[in-house]
>>> print(open('entry_15.cif').read())   # mmCIF, C-alpha atoms (C1' of nucleotides)
data_protein
#
loop_
_atom_site.label_atom_id
_atom_site.label_comp_id
_atom_site.auth_asym_id
_atom_site.auth_seq_id
_atom_site.Cartn_x
_atom_site.Cartn_y
_atom_site.Cartn_z
CA MET D 5 -13.31 33.94 21.76
CA ALA D 6 -15.20 30.69 21.64
CA THR D 7 -12.28 28.40 20.78
CA THR D 8 -9.14 28.15 22.85
CA PRO D 9 -6.03 29.08 20.87
CA LEU D 10 -3.89 26.51 22.66
CA ARG D 11 -5.83 23.54 21.35
CA GLU D 12 -5.69 24.86 17.81
CA ARG D 13 -1.99 25.72 17.98
CA THR D 14 -0.97 22.21 19.05
CA ARG D 15 -3.28 20.65 16.49
CA GLN D 16 -1.81 22.72 13.67
CA GLU D 17 1.75 21.94 14.74
CA ILE D 18 1.02 18.21 14.71
CA LEU D 19 -0.52 18.56 11.25
CA ARG D 20 2.46 20.54 9.93
CA ARG D 21 5.01 18.00 11.14
CA ALA D 22 2.93 15.00 10.09
CA MET D 23 2.67 16.36 6.56
CA GLU D 24 6.44 16.86 6.40
CA LEU D 25 7.13 13.34 7.62
CA PHE D 26 4.49 11.71 5.40
CA THR D 27 5.97 13.48 2.37
CA GLU D 28 9.54 12.52 3.26
CA LYS D 29 9.15 8.93 4.41
CA GLY D 30 5.65 7.91 3.39
CA TYR D 31 2.60 7.21 5.54
CA THR D 32 3.32 3.66 6.71
CA ALA D 33 6.96 4.35 7.51
CA THR D 34 6.00 7.29 9.72
CA SER D 35 4.99 6.28 13.25
CA LEU D 36 2.99 8.25 15.78
CA GLN D 37 6.20 8.35 17.82
CA ASP D 38 8.01 10.01 14.90
CA ILE D 39 5.32 12.69 14.75
CA ALA D 40 5.29 13.17 18.53
CA THR D 41 9.08 13.51 18.64
CA ALA D 42 9.07 16.04 15.80
CA VAL D 43 6.38 18.08 17.54
CA GLY D 44 7.99 17.71 20.96
CA CYS D 45 5.09 16.00 22.70
CA SER D 46 4.00 12.48 23.57
CA LYS D 47 2.21 9.91 21.43
CA ALA D 48 -0.80 10.24 23.72
CA THR D 49 -1.06 13.94 22.92
CA VAL D 50 -1.19 13.23 19.20
CA LEU D 51 -3.95 10.69 19.85
CA TYR D 52 -5.81 13.18 22.02
CA HIS D 53 -6.10 15.57 19.09
CA PHE D 54 -6.67 12.97 16.40
CA ASN D 55 -8.70 9.83 16.79
CA GLY D 56 -6.06 7.40 15.49
CA LYS D 57 -3.44 7.48 12.78
CA PRO D 58 -5.90 7.41 9.85
CA ALA D 59 -7.54 10.53 11.29
CA VAL D 60 -4.17 12.30 11.12
CA ALA D 61 -3.97 11.23 7.48
CA ALA D 62 -7.45 12.56 6.79
CA ALA D 63 -6.58 15.94 8.30
CA VAL D 64 -3.34 16.14 6.31
CA LEU D 65 -5.18 15.36 3.08
CA GLU D 66 -8.04 17.75 3.76
CA PRO D 67 -6.65 20.95 2.15
CA ALA D 68 -5.81 19.12 -1.08
CA ALA D 69 -9.16 17.31 -1.01
CA LYS D 70 -10.93 20.65 -0.69
CA LEU D 71 -9.14 22.06 -3.73
CA VAL D 72 -10.19 19.02 -5.75
CA ALA D 73 -13.78 19.26 -4.48
CA ASP D 74 -13.93 22.96 -5.42
CA LEU D 75 -12.51 22.24 -8.86
CA VAL D 76 -15.08 19.50 -9.49
CA ALA D 77 -17.91 21.75 -8.28
CA GLU D 78 -16.80 24.48 -10.67
CA ALA D 79 -16.48 22.07 -13.58
CA ALA D 80 -19.97 20.73 -12.91
CA GLN D 81 -21.33 24.13 -13.95
CA LEU D 82 -19.71 24.01 -17.39
CA PRO D 83 -20.91 22.31 -20.58
CA PRO D 84 -19.58 18.71 -20.77
CA ALA D 85 -16.80 19.34 -23.31
CA GLU D 86 -15.50 22.37 -21.44
CA ALA D 87 -15.70 20.62 -18.08
CA GLN D 88 -13.69 17.73 -19.51
CA ALA D 89 -10.99 19.98 -20.95
CA ARG D 90 -10.79 21.98 -17.73
CA LEU D 91 -10.42 18.88 -15.54
CA ILE D 92 -7.80 17.26 -17.77
CA THR D 93 -5.44 20.18 -17.20
CA ASP D 94 -6.43 21.35 -13.73
CA PHE D 95 -6.99 18.06 -11.93
CA THR D 96 -3.68 16.84 -13.36
CA GLU D 97 -2.04 19.98 -12.02
CA LEU D 98 -3.41 19.35 -8.52
CA ALA D 99 -2.40 15.68 -8.56
CA VAL D 100 1.16 16.58 -9.53
CA ARG D 101 1.38 19.41 -7.00
CA PHE D 102 0.31 17.17 -4.13
CA ARG D 103 1.95 14.00 -5.39
CA GLY D 104 3.99 13.68 -2.19
CA LEU D 105 0.71 13.03 -0.37
CA LEU D 106 -0.72 10.46 -2.77
CA ASP D 107 1.07 7.74 -0.86
CA VAL D 108 -0.99 8.73 2.17
CA LEU D 109 -4.18 8.55 0.13
CA ASN D 110 -3.25 5.14 -1.20
CA ASP D 111 -2.52 3.65 2.21
CA VAL D 112 -5.76 5.00 3.56
CA VAL D 113 -8.12 3.87 0.78
CA PRO D 114 -8.64 0.36 2.24
CA THR D 115 -10.00 1.83 5.49
CA MET D 116 -12.14 4.50 3.86
CA ASP D 117 -15.38 2.70 4.69
CA GLN D 118 -14.84 3.14 8.40
CA LEU D 119 -13.60 6.73 8.32
CA PRO D 120 -16.41 9.30 8.09
CA GLU D 121 -13.83 11.93 7.14
CA PHE D 122 -13.41 10.24 3.77
CA HIS D 123 -17.00 9.68 2.75
CA GLY D 124 -17.09 13.03 0.97
CA MET D 125 -13.97 12.17 -1.00
CA VAL D 126 -15.58 9.10 -2.53
CA GLU D 127 -18.48 11.15 -3.89
CA VAL D 128 -16.12 13.79 -5.28
CA GLY D 129 -14.17 11.00 -6.98
CA THR D 130 -17.31 9.66 -8.58
CA ALA D 131 -18.33 13.09 -9.86
CA LEU D 132 -14.80 13.75 -11.11
CA THR D 133 -14.77 10.51 -13.07
CA ARG D 134 -18.08 11.24 -14.75
CA LEU D 135 -17.13 14.79 -15.71
CA LEU D 136 -13.77 13.63 -16.99
CA ALA D 137 -15.52 11.14 -19.25
CA GLY D 138 -17.55 13.97 -20.80
CA THR D 139 -20.51 11.65 -21.32
CA ASP D 140 -22.78 9.26 -19.46
CA ASP D 141 -21.66 6.25 -21.47
CA PRO D 142 -20.52 3.63 -18.93
CA GLY D 143 -17.64 2.53 -21.14
CA GLU D 144 -16.25 6.05 -21.34
CA ILE D 145 -16.72 6.56 -17.61
CA ALA D 146 -14.73 3.39 -16.99
CA LEU D 147 -11.98 4.77 -19.23
CA ALA D 148 -11.97 7.98 -17.21
CA GLY D 149 -11.42 5.88 -14.09
CA TYR D 150 -8.58 4.10 -15.86
CA ALA D 151 -7.08 7.50 -16.73
CA ILE D 152 -7.22 8.61 -13.10
CA GLN D 153 -5.60 5.38 -11.92
CA GLY D 154 -2.82 5.91 -14.45
CA LEU D 155 -2.25 9.47 -13.27
CA LEU D 156 -2.20 8.59 -9.57
CA GLY D 157 0.02 5.58 -10.25
CA GLU D 158 2.54 7.68 -12.17
CA CYS D 159 2.55 10.33 -9.44
CA ARG D 160 3.35 7.70 -6.82
CA ALA D 161 5.84 5.77 -8.95
CA PRO D 162 9.43 5.76 -7.71
CA VAL D 163 10.64 6.94 -11.14
CA GLN D 164 12.32 10.32 -10.92
CA ARG D 165 10.36 12.69 -13.16
CA ALA D 166 10.08 16.49 -13.19
CA ASP D 167 6.68 18.03 -12.40
CA GLU D 168 6.30 19.55 -15.86
CA GLU D 169 7.22 16.30 -17.57
CA LEU D 170 4.66 14.46 -15.47
CA ARG D 171 1.95 17.01 -16.28
CA ASP D 172 2.60 16.75 -20.00
CA LEU D 173 2.52 12.97 -19.87
CA ALA D 174 -0.79 12.88 -18.03
CA VAL D 175 -2.46 15.46 -20.24
CA THR D 176 -1.36 13.61 -23.39
CA ALA D 177 -2.57 10.29 -21.97
CA MET D 178 -5.95 11.69 -20.91
CA ARG D 179 -6.55 13.28 -24.30
CA ARG D 180 -5.79 10.03 -26.10
CA LEU D 181 -7.99 8.08 -23.70
CA LEU D 182 -10.96 10.39 -23.41
CA ILE D 183 -11.19 12.68 -26.43
CA THR D 184 -12.33 10.39 -29.22
CA PRO D 185 -12.14 11.92 -32.66
CA MET B 14 15.69 -38.83 -3.09
CA ALA B 15 17.73 -35.73 -2.58
CA THR B 16 15.01 -33.53 -1.11
CA THR B 17 12.92 -34.51 1.87
CA PRO B 18 9.19 -34.46 1.11
CA LEU B 19 8.35 -33.17 4.59
CA ARG B 20 10.11 -29.88 4.13
CA GLU B 21 8.50 -29.30 0.77
CA ARG B 22 5.06 -30.26 1.99
CA THR B 23 5.13 -27.77 4.88
CA ARG B 24 6.54 -25.08 2.64
CA GLN B 25 3.81 -25.55 0.05
CA GLU B 26 1.10 -25.55 2.69
CA ILE B 27 2.36 -22.25 4.10
CA LEU B 28 2.43 -20.80 0.60
CA ARG B 29 -1.08 -22.01 -0.17
CA ARG B 30 -2.57 -20.51 2.99
CA ALA B 31 -0.59 -17.28 2.70
CA MET B 32 -1.88 -16.77 -0.84
CA GLU B 33 -5.46 -17.32 0.32
CA LEU B 34 -5.10 -14.86 3.18
CA PHE B 35 -3.29 -12.24 1.10
CA THR B 36 -6.04 -12.44 -1.51
CA GLU B 37 -8.82 -12.18 1.08
CA LYS B 38 -7.49 -9.55 3.46
CA GLY B 39 -4.51 -8.00 1.71
CA TYR B 40 -0.82 -8.25 2.50
CA THR B 41 -0.47 -5.73 5.33
CA ALA B 42 -3.61 -6.89 7.09
CA THR B 43 -2.34 -10.48 7.15
CA SER B 44 0.07 -11.24 9.99
CA LEU B 45 2.53 -14.10 10.27
CA GLN B 46 0.37 -15.30 13.15
CA ASP B 47 -2.65 -15.45 10.82
CA ILE B 48 -0.68 -17.59 8.39
CA ALA B 49 0.66 -19.85 11.15
CA THR B 50 -2.80 -20.34 12.61
CA ALA B 51 -4.28 -21.19 9.20
CA VAL B 52 -1.50 -23.71 8.57
CA GLY B 53 -1.65 -25.12 12.08
CA CYS B 54 1.95 -24.40 13.05
CA SER B 55 3.80 -21.68 14.95
CA LYS B 56 5.03 -18.33 13.70
CA ALA B 57 8.58 -19.58 14.13
CA THR B 58 7.95 -22.40 11.69
CA VAL B 59 6.82 -19.95 9.04
CA LEU B 60 10.02 -18.00 9.63
CA TYR B 61 12.09 -21.15 9.46
CA HIS B 62 10.89 -21.77 5.92
CA PHE B 63 10.84 -18.15 4.79
CA ASN B 64 13.32 -15.48 5.73
CA GLY B 65 10.82 -12.86 6.89
CA LYS B 66 7.40 -11.70 5.75
CA PRO B 67 8.60 -10.10 2.49
CA ALA B 68 10.15 -13.44 1.53
CA VAL B 69 6.71 -15.05 1.92
CA ALA B 70 5.33 -12.37 -0.38
CA ALA B 71 8.07 -13.01 -2.93
CA ALA B 72 7.34 -16.73 -2.95
CA VAL B 73 3.61 -16.14 -3.31
CA LEU B 74 4.19 -13.79 -6.24
CA GLU B 75 6.75 -16.03 -7.93
CA PRO B 76 4.47 -18.16 -10.12
CA ALA B 77 2.71 -15.09 -11.51
CA ALA B 78 6.02 -13.27 -11.94
CA LYS B 79 7.39 -16.21 -13.90
CA LEU B 80 4.42 -16.20 -16.27
CA VAL B 81 4.94 -12.50 -16.91
CA ALA B 82 8.68 -12.97 -17.42
CA ASP B 83 8.07 -15.79 -19.89
CA LEU B 84 5.50 -13.72 -21.76
CA VAL B 85 7.89 -10.78 -22.03
CA ALA B 86 10.71 -13.06 -23.18
CA GLU B 87 8.49 -14.49 -25.90
CA ALA B 88 7.31 -11.07 -27.01
CA ALA B 89 10.90 -9.85 -27.25
CA GLN B 90 11.41 -12.29 -30.15
CA LEU B 91 8.59 -10.76 -32.21
CA PRO B 92 8.61 -7.71 -34.47
CA PRO B 93 7.67 -4.55 -32.51
CA ALA B 94 4.08 -4.23 -33.72
CA GLU B 95 3.32 -7.89 -33.07
CA ALA B 96 4.99 -7.82 -29.67
CA GLN B 97 2.88 -4.81 -28.72
CA ALA B 98 -0.39 -6.41 -29.83
CA ARG B 99 0.50 -9.65 -28.05
CA LEU B 100 1.33 -7.92 -24.77
CA ILE B 101 -1.77 -5.73 -24.80
CA THR B 102 -4.00 -8.79 -24.73
CA ASP B 103 -1.86 -11.31 -22.85
CA PHE B 104 -0.31 -9.13 -20.16
CA THR B 105 -3.76 -7.72 -19.44
CA GLU B 106 -5.06 -11.26 -19.12
CA LEU B 107 -2.37 -12.14 -16.58
CA ALA B 108 -2.91 -8.96 -14.57
CA VAL B 109 -6.65 -9.66 -14.34
CA ARG B 110 -6.16 -13.31 -13.50
CA PHE B 111 -3.81 -12.52 -10.62
CA ARG B 112 -5.44 -9.27 -9.57
CA GLY B 113 -5.99 -10.56 -6.04
CA LEU B 114 -2.23 -10.57 -5.59
CA LEU B 115 -1.56 -7.08 -6.92
CA ASP B 116 -2.11 -5.70 -3.46
CA VAL B 117 0.83 -7.80 -2.31
CA LEU B 118 2.96 -6.43 -5.13
CA ASN B 119 1.95 -2.88 -4.27
CA ASP B 120 2.82 -3.19 -0.59
CA VAL B 121 6.14 -4.72 -1.41
CA VAL B 122 7.33 -2.23 -4.05
CA PRO B 123 8.75 0.27 -1.53
CA THR B 124 11.14 -2.37 -0.13
CA MET B 125 12.14 -3.86 -3.48
CA ASP B 126 15.61 -2.34 -3.35
CA GLN B 127 16.56 -4.44 -0.35
CA LEU B 128 14.99 -7.71 -1.45
CA PRO B 129 17.15 -9.69 -3.91
CA GLU B 130 14.11 -11.82 -4.76
CA PHE B 131 12.57 -8.84 -6.53
CA HIS B 132 15.48 -7.53 -8.57
CA GLY B 133 14.50 -9.63 -11.57
CA MET B 134 10.96 -8.24 -11.50
CA VAL B 135 12.17 -4.68 -11.98
CA GLU B 136 14.06 -5.60 -15.14
CA VAL B 137 11.08 -7.51 -16.50
CA GLY B 138 8.92 -4.47 -15.83
CA THR B 139 11.30 -2.24 -17.77
CA ALA B 140 11.37 -4.61 -20.73
CA LEU B 141 7.59 -4.96 -20.64
CA THR B 142 7.14 -1.20 -20.74
CA ARG B 143 9.44 -0.77 -23.73
CA LEU B 144 7.83 -3.60 -25.71
CA LEU B 145 4.37 -2.30 -24.89
CA ALA B 146 5.34 1.09 -26.27
CA GLY B 147 6.28 -0.53 -29.57
CA THR B 148 9.01 2.05 -30.14
CA ASP B 149 12.08 3.57 -28.46
CA ASP B 150 10.56 7.04 -28.31
CA PRO B 151 10.79 8.12 -24.63
CA GLY B 152 7.38 9.81 -24.79
CA GLU B 153 5.68 6.64 -25.97
CA ILE B 154 7.54 4.55 -23.39
CA ALA B 155 6.27 6.92 -20.70
CA LEU B 156 2.74 6.44 -22.02
CA ALA B 157 3.20 2.67 -21.83
CA GLY B 158 4.15 3.10 -18.17
CA TYR B 159 1.01 5.18 -17.68
CA ALA B 160 -1.04 2.41 -19.31
CA ILE B 161 0.42 -0.18 -16.94
CA GLN B 162 -0.28 2.01 -13.91
CA GLY B 163 -3.86 2.40 -15.09
CA LEU B 164 -4.27 -1.34 -15.50
CA LEU B 165 -2.77 -2.22 -12.13
CA GLY B 166 -4.76 0.55 -10.45
CA GLU B 167 -8.03 -0.71 -11.94
CA CYS B 168 -7.22 -4.28 -10.92
CA ARG B 169 -6.62 -3.20 -7.33
CA ALA B 170 -9.55 -0.77 -7.17
CA PRO B 171 -12.33 -1.68 -4.75
CA VAL B 172 -14.90 -1.30 -7.54
CA GLN B 173 -16.72 -4.54 -8.22
CA ARG B 174 -16.08 -5.47 -11.84
CA ALA B 175 -16.20 -8.79 -13.67
CA ASP B 176 -12.97 -10.20 -15.09
CA GLU B 177 -14.12 -9.98 -18.69
CA GLU B 178 -15.32 -6.41 -18.26
CA LEU B 179 -11.96 -5.46 -16.76
CA ARG B 180 -10.06 -7.11 -19.63
CA ASP B 181 -12.08 -5.28 -22.25
CA LEU B 182 -11.59 -1.96 -20.49
CA ALA B 183 -7.83 -2.39 -20.28
CA VAL B 184 -7.43 -3.54 -23.87
CA THR B 185 -9.48 -0.58 -25.13
CA ALA B 186 -7.50 1.83 -22.99
CA MET B 187 -4.14 0.46 -24.09
CA ARG B 188 -5.08 0.62 -27.76
CA ARG B 189 -6.15 4.23 -27.45
CA LEU B 190 -3.03 5.10 -25.54
CA LEU B 191 -0.41 3.22 -27.50
CA ILE B 192 -1.60 2.56 -31.03
CA THR B 193 -1.45 5.94 -32.71
CA PRO B 194 -3.15 6.07 -36.06
"C1'" DG E 24 16.82 -31.14 9.79
"C1'" DT E 25 12.32 -29.70 11.57
"C1'" DC E 26 9.86 -27.44 14.66
"C1'" DT E 27 8.28 -25.13 19.35
"C1'" DA E 28 8.93 -21.98 23.19
"C1'" DT E 29 10.22 -17.82 24.55
"C1'" DA E 30 11.81 -13.13 24.40
"C1'" DC E 31 12.75 -8.51 22.35
"C1'" DG E 32 11.70 -3.95 20.49
"C1'" DA E 33 8.40 -1.07 18.20
"C1'" DA E 34 3.86 -0.27 16.63
"C1'" DG E 35 -1.10 1.71 17.57
"C1'" DA E 36 -4.06 2.53 21.21
"C1'" DT E 37 -6.16 3.27 26.09
"C1'" DA E 38 -6.52 4.55 31.28
"C1'" DG E 39 -5.83 7.41 34.68
"C1'" DA E 40 -2.81 10.87 37.36
"C1'" DC E 41 -1.76 15.69 37.27
"C1'" DG H 7 -4.62 19.38 27.76
"C1'" DT H 8 -0.72 16.73 28.52
"C1'" DC H 9 1.69 13.35 30.66
"C1'" DT H 10 3.40 8.35 32.21
"C1'" DA H 11 2.33 3.73 32.39
"C1'" DT H 12 0.40 -0.07 30.38
"C1'" DC H 13 -1.90 -3.22 26.95
"C1'" DT H 14 -1.99 -5.97 22.69
"C1'" DT H 15 -0.09 -7.31 18.53
"C1'" DC H 16 3.14 -6.87 15.14
"C1'" DG H 17 7.71 -8.64 12.81
"C1'" DT H 18 11.87 -10.73 14.13
"C1'" DA H 19 15.62 -13.45 16.54
"C1'" DT H 20 17.47 -17.22 19.15
"C1'" DA H 21 17.84 -21.49 22.11
"C1'" DG H 22 16.93 -25.86 22.37
"C1'" DA H 23 13.61 -30.15 22.18
"C1'" DC H 24 12.80 -34.01 19.14
#
>>> encode(input="entry_15.cif", output="structure tokens")
Amino acid sequence: MATTPLRERTRQEILRRAMELFTEKGYTATSLQDIATAVGCSKATVLYHFNGKPAVAAAVLEPAAKLVADLVAEAAQLPPAEAQARLITDFTELAVRFRGLLDVLNDVVPTMDQLPEFHGMVEVGTALTRLLAGTDDPGEIALAGYAIQGLLGECRAPVQRADEELRDLAVTAMRRLLITP
Amino acid sequence: MATTPLRERTRQEILRRAMELFTEKGYTATSLQDIATAVGCSKATVLYHFNGKPAVAAAVLEPAAKLVADLVAEAAQLPPAEAQARLITDFTELAVRFRGLLDVLNDVVPTMDQLPEFHGMVEVGTALTRLLAGTDDPGEIALAGYAIQGLLGECRAPVQRADEELRDLAVTAMRRLLITP
DNA sequence: GTCTATACGAAGATAGAC
DNA sequence: GTCTATCTTCGTATAGAC
């Protein structure tokens, strides 16, 4: 074996607990000490495995980010109208499923420039917006961005709303915004 | 004179500098020490005039919040369709004008429950959403909330966009979302 | 009443012993 | 690889000078 299992085991345990805490209390309200206590190690150990708190956030977001990236890559192979229809339902579904983590994403956006882990996410976001617009018209692309902001905002909003209800709302909103008769 | 000018002068100076710093660097990234240094006083002085950092935020947001509250109160007197049309243009205009402060609002939302200064803002937001929907249908009210989230998200987004461009985008989006032919 | 000096606990982060 | 100890800075609280 090339990699030592011990390193990976600790890393994964930190990630598991961090995700739980971020989902429960939010990113800002969760301290490195909270994570360390939940794992049963010291703050310094957490910072040995991850290069700062934003790096923990990046690692927690990574699985969801990969699903979005894969979805966008698939959609890019389809004709524009089909790609748009596919993303309206499937990207919405992913956003709702991982909505507990959107608070982490939001708190981390301001520091994205400095974090190399996030550079890929920006490009995926750009591609997603263009495919969601279904055209290269700048006005429609801007509306697609507006639609995404609305979706992410609703997912993070403190209003109690069932997953299915939220999905239906977002799909209706995106169709009205982006599918012009 | 009932009020001493000195107190008011210091208070206003703190507010002025805090607003500048919040707009430049964001709420979280601005410390009480930053504000005190900019004003030329000590941290303790800032906390003598304002009961904690969130209270500074509340005071900074207050003028904008009052304009929104007044606008909503005016719109509430109009027939539904006129109120909706009025809010689409005028609320958008206010959001764009004060977009530098929306980051403050965003960072403060999670603690709104505990801050009495903000309780009025929640009610105004509810009334705004209902009037923007133009109807009492829960589905349309939810879409109005989605429209507001989209607007606020776009205003806070790091994308460079001129004020007029942003206004046009939001007005177009709101009309597509809320005015059903 | 107005403000400064000082101190406290918790945060993120680093250095070095083991 | 993990720890303890330590650093800086944050928001906050209080005592007391003027």
>>> interface_residues(input="entry_15.cif", of="chain B", to="chain H", cutoff="8 Å", atoms="only C-alpha atoms (C1' of nucleotides)", output="VMD selection string")
chain B and resid 44 to 45 65 to 66
>>> interface_residues(input="entry_15.cif", of="chain E", to="chain D", cutoff="9 Å", atoms="only C-alpha atoms (C1' of nucleotides)", output="PDB file with C-alpha atoms (C1' of nucleotides), in the frame of the given file")
ATOM      1  C1'  DA E  34       3.860  -0.270  16.630  1.00  0.00           C
ATOM      2  C1'  DG E  35      -1.100   1.710  17.570  1.00  0.00           C
ATOM      3  C1'  DA E  36      -4.060   2.530  21.210  1.00  0.00           C
TER       4       DA E  36
END
>>> atom_distance(input="entry_15.cif", atom1="CA of Arg169 (chain B)", atom2="CA of Pro84 (chain D)")
28.8 Å
>>> residues_around(input="entry_15.cif", residues="Asp38 (chain D)", least_positions_apart="6", cutoff="10 Å", atoms="all atoms listed in the file", output="JSON, numbers by chain")
{"D": [21, 22, 25, 44, 46, 47]}
>>> closest_atom_pairs(input="entry_15.cif", of="chain B", to="chain D", cutoff="7 Å", atoms="all atoms listed in the file", output="JSON lines")
{"residue": "B:Leu156", "atom": "CA", "partner": "D:Ala177", "partner_atom": "CA", "distance": 6.6}
{"residue": "B:Tyr159", "atom": "CA", "partner": "D:Gly154", "partner_atom": "CA", "distance": 5.1}
{"residue": "B:Ala160", "atom": "CA", "partner": "D:Gly154", "partner_atom": "CA", "distance": 6.2}
{"residue": "B:Gln162", "atom": "CA", "partner": "D:Gly154", "partner_atom": "CA", "distance": 4.7}
{"residue": "B:Gly163", "atom": "CA", "partner": "D:Gly154", "partner_atom": "CA", "distance": 3.7}
{"residue": "B:Leu164", "atom": "CA", "partner": "D:Tyr150", "partner_atom": "CA", "distance": 6.9}
{"residue": "B:Gly166", "atom": "CA", "partner": "D:Gln153", "partner_atom": "CA", "distance": 5.1}
{"residue": "B:Glu167", "atom": "CA", "partner": "D:Tyr150", "partner_atom": "CA", "distance": 6.2}
{"residue": "B:Leu182", "atom": "CA", "partner": "D:Leu147", "partner_atom": "CA", "distance": 6.9}
{"residue": "B:Ala186", "atom": "CA", "partner": "D:Leu181", "partner_atom": "CA", "distance": 6.3}
{"residue": "B:Arg189", "atom": "CA", "partner": "D:Leu181", "partner_atom": "CA", "distance": 5.7}
{"residue": "B:Leu190", "atom": "CA", "partner": "D:Arg180", "partner_atom": "CA", "distance": 5.7}
>>> write_last_selection(input="entry_15.cif", atoms="C-alpha atoms", output="JSON list (two decimals), in the coordinates of the input")
[["chain", "number", "residue", "atom", "x", "y", "z"],
["B", 156, "LEU", "CA", 2.74, 6.44, -22.02],
["B", 159, "TYR", "CA", 1.01, 5.18, -17.68],
["B", 160, "ALA", "CA", -1.04, 2.41, -19.31],
["B", 162, "GLN", "CA", -0.28, 2.01, -13.91],
["B", 163, "GLY", "CA", -3.86, 2.40, -15.09],
["B", 164, "LEU", "CA", -4.27, -1.34, -15.50],
["B", 166, "GLY", "CA", -4.76, 0.55, -10.45],
["B", 167, "GLU", "CA", -8.03, -0.71, -11.94],
["B", 182, "LEU", "CA", -11.59, -1.96, -20.49],
["B", 186, "ALA", "CA", -7.50, 1.83, -22.99],
["B", 189, "ARG", "CA", -6.15, 4.23, -27.45],
["B", 190, "LEU", "CA", -3.03, 5.10, -25.54]]
>>> resolve_selection(input="entry_15.cif", expression="the PyMOL selection byres ((chain D and resi 31) around 10)", output="list in words")
Ala22, Met23, Leu25, Phe26, Thr27, Glu28, Lys29, Gly30, Thr32, Ala33, Thr34, Ser35, Lys57, Pro58, Ala61, Leu105, Leu106, Asp107, Val108, Leu109, Asn110, Asp111 and Val112 of chain D
>>> residues_around(input="entry_15.cif", residues="Arg90 (chain D)", least_positions_apart="2", cutoff="10 Å", atoms="all atoms listed in the file", output="list of chain:residue names")
D:Leu75, D:Val76, D:Glu78, D:Ala79, D:Leu82, D:Pro84, D:Ala85, D:Glu86, D:Ala87, D:Gln88, D:Ile92, D:Thr93, D:Asp94, D:Phe95, D:Thr96, D:Leu135, D:Leu136
>>> resolve_selection(input="entry_15.cif", expression="the PyMOL selection byres ((chain D and resi 62) around 10)", output="PDB file with C-alpha atoms, in the frame of the given file")
ATOM      1  CA  PHE D  54      -6.670  12.970  16.400  1.00  0.00           C
ATOM      2  CA  LYS D  57      -3.440   7.480  12.780  1.00  0.00           C
ATOM      3  CA  PRO D  58      -5.900   7.410   9.850  1.00  0.00           C
ATOM      4  CA  ALA D  59      -7.540  10.530  11.290  1.00  0.00           C
ATOM      5  CA  VAL D  60      -4.170  12.300  11.120  1.00  0.00           C
ATOM      6  CA  ALA D  61      -3.970  11.230   7.480  1.00  0.00           C
ATOM      7  CA  ALA D  63      -6.580  15.940   8.300  1.00  0.00           C
ATOM      8  CA  VAL D  64      -3.340  16.140   6.310  1.00  0.00           C
ATOM      9  CA  LEU D  65      -5.180  15.360   3.080  1.00  0.00           C
ATOM     10  CA  GLU D  66      -8.040  17.750   3.760  1.00  0.00           C
ATOM     11  CA  PRO D  67      -6.650  20.950   2.150  1.00  0.00           C
ATOM     12  CA  ALA D  69      -9.160  17.310  -1.010  1.00  0.00           C
ATOM     13  CA  VAL D 108      -0.990   8.730   2.170  1.00  0.00           C
ATOM     14  CA  LEU D 109      -4.180   8.550   0.130  1.00  0.00           C
ATOM     15  CA  VAL D 112      -5.760   5.000   3.560  1.00  0.00           C
ATOM     16  CA  MET D 116     -12.140   4.500   3.860  1.00  0.00           C
ATOM     17  CA  LEU D 119     -13.600   6.730   8.320  1.00  0.00           C
ATOM     18  CA  PRO D 120     -16.410   9.300   8.090  1.00  0.00           C
ATOM     19  CA  GLU D 121     -13.830  11.930   7.140  1.00  0.00           C
ATOM     20  CA  PHE D 122     -13.410  10.240   3.770  1.00  0.00           C
TER      21      PHE D 122
END
>>> resolve_selection(input="entry_15.cif", expression="the PyMOL selection byres ((chain E and resi 25) around 9)", output="PyMOL selection string")
(chain B and resi 19-20+58+61) or (chain E and resi 24+26) or (chain H and resi 24)
>>> write_last_selection(input="entry_15.cif", atoms="C-alpha atoms (C1' of nucleotides)", output="PDB file, keeping the file's coordinate frame")
ATOM      1  CA  LEU B  19       8.350 -33.170   4.590  1.00  0.00           C
ATOM      2  CA  ARG B  20      10.110 -29.880   4.130  1.00  0.00           C
ATOM      3  CA  THR B  58       7.950 -22.400  11.690  1.00  0.00           C
ATOM      4  CA  TYR B  61      12.090 -21.150   9.460  1.00  0.00           C
TER       5      TYR B  61
ATOM      6  C1'  DG E  24      16.820 -31.140   9.790  1.00  0.00           C
ATOM      7  C1'  DC E  26       9.860 -27.440  14.660  1.00  0.00           C
TER       8       DC E  26
ATOM      9  C1'  DC H  24      12.800 -34.010  19.140  1.00  0.00           C
TER      10       DC H  24
END
>>> atom_distance(input="entry_15.cif", atom1="CA of Ala77 (chain B)", atom2="CA of Ala140 (chain B)")
16.4 Å
>>> atom_distance(input="entry_15.cif", atom1="CA of Val128 (chain D)", atom2="CA of Val172 (chain B)")
15.3 Å
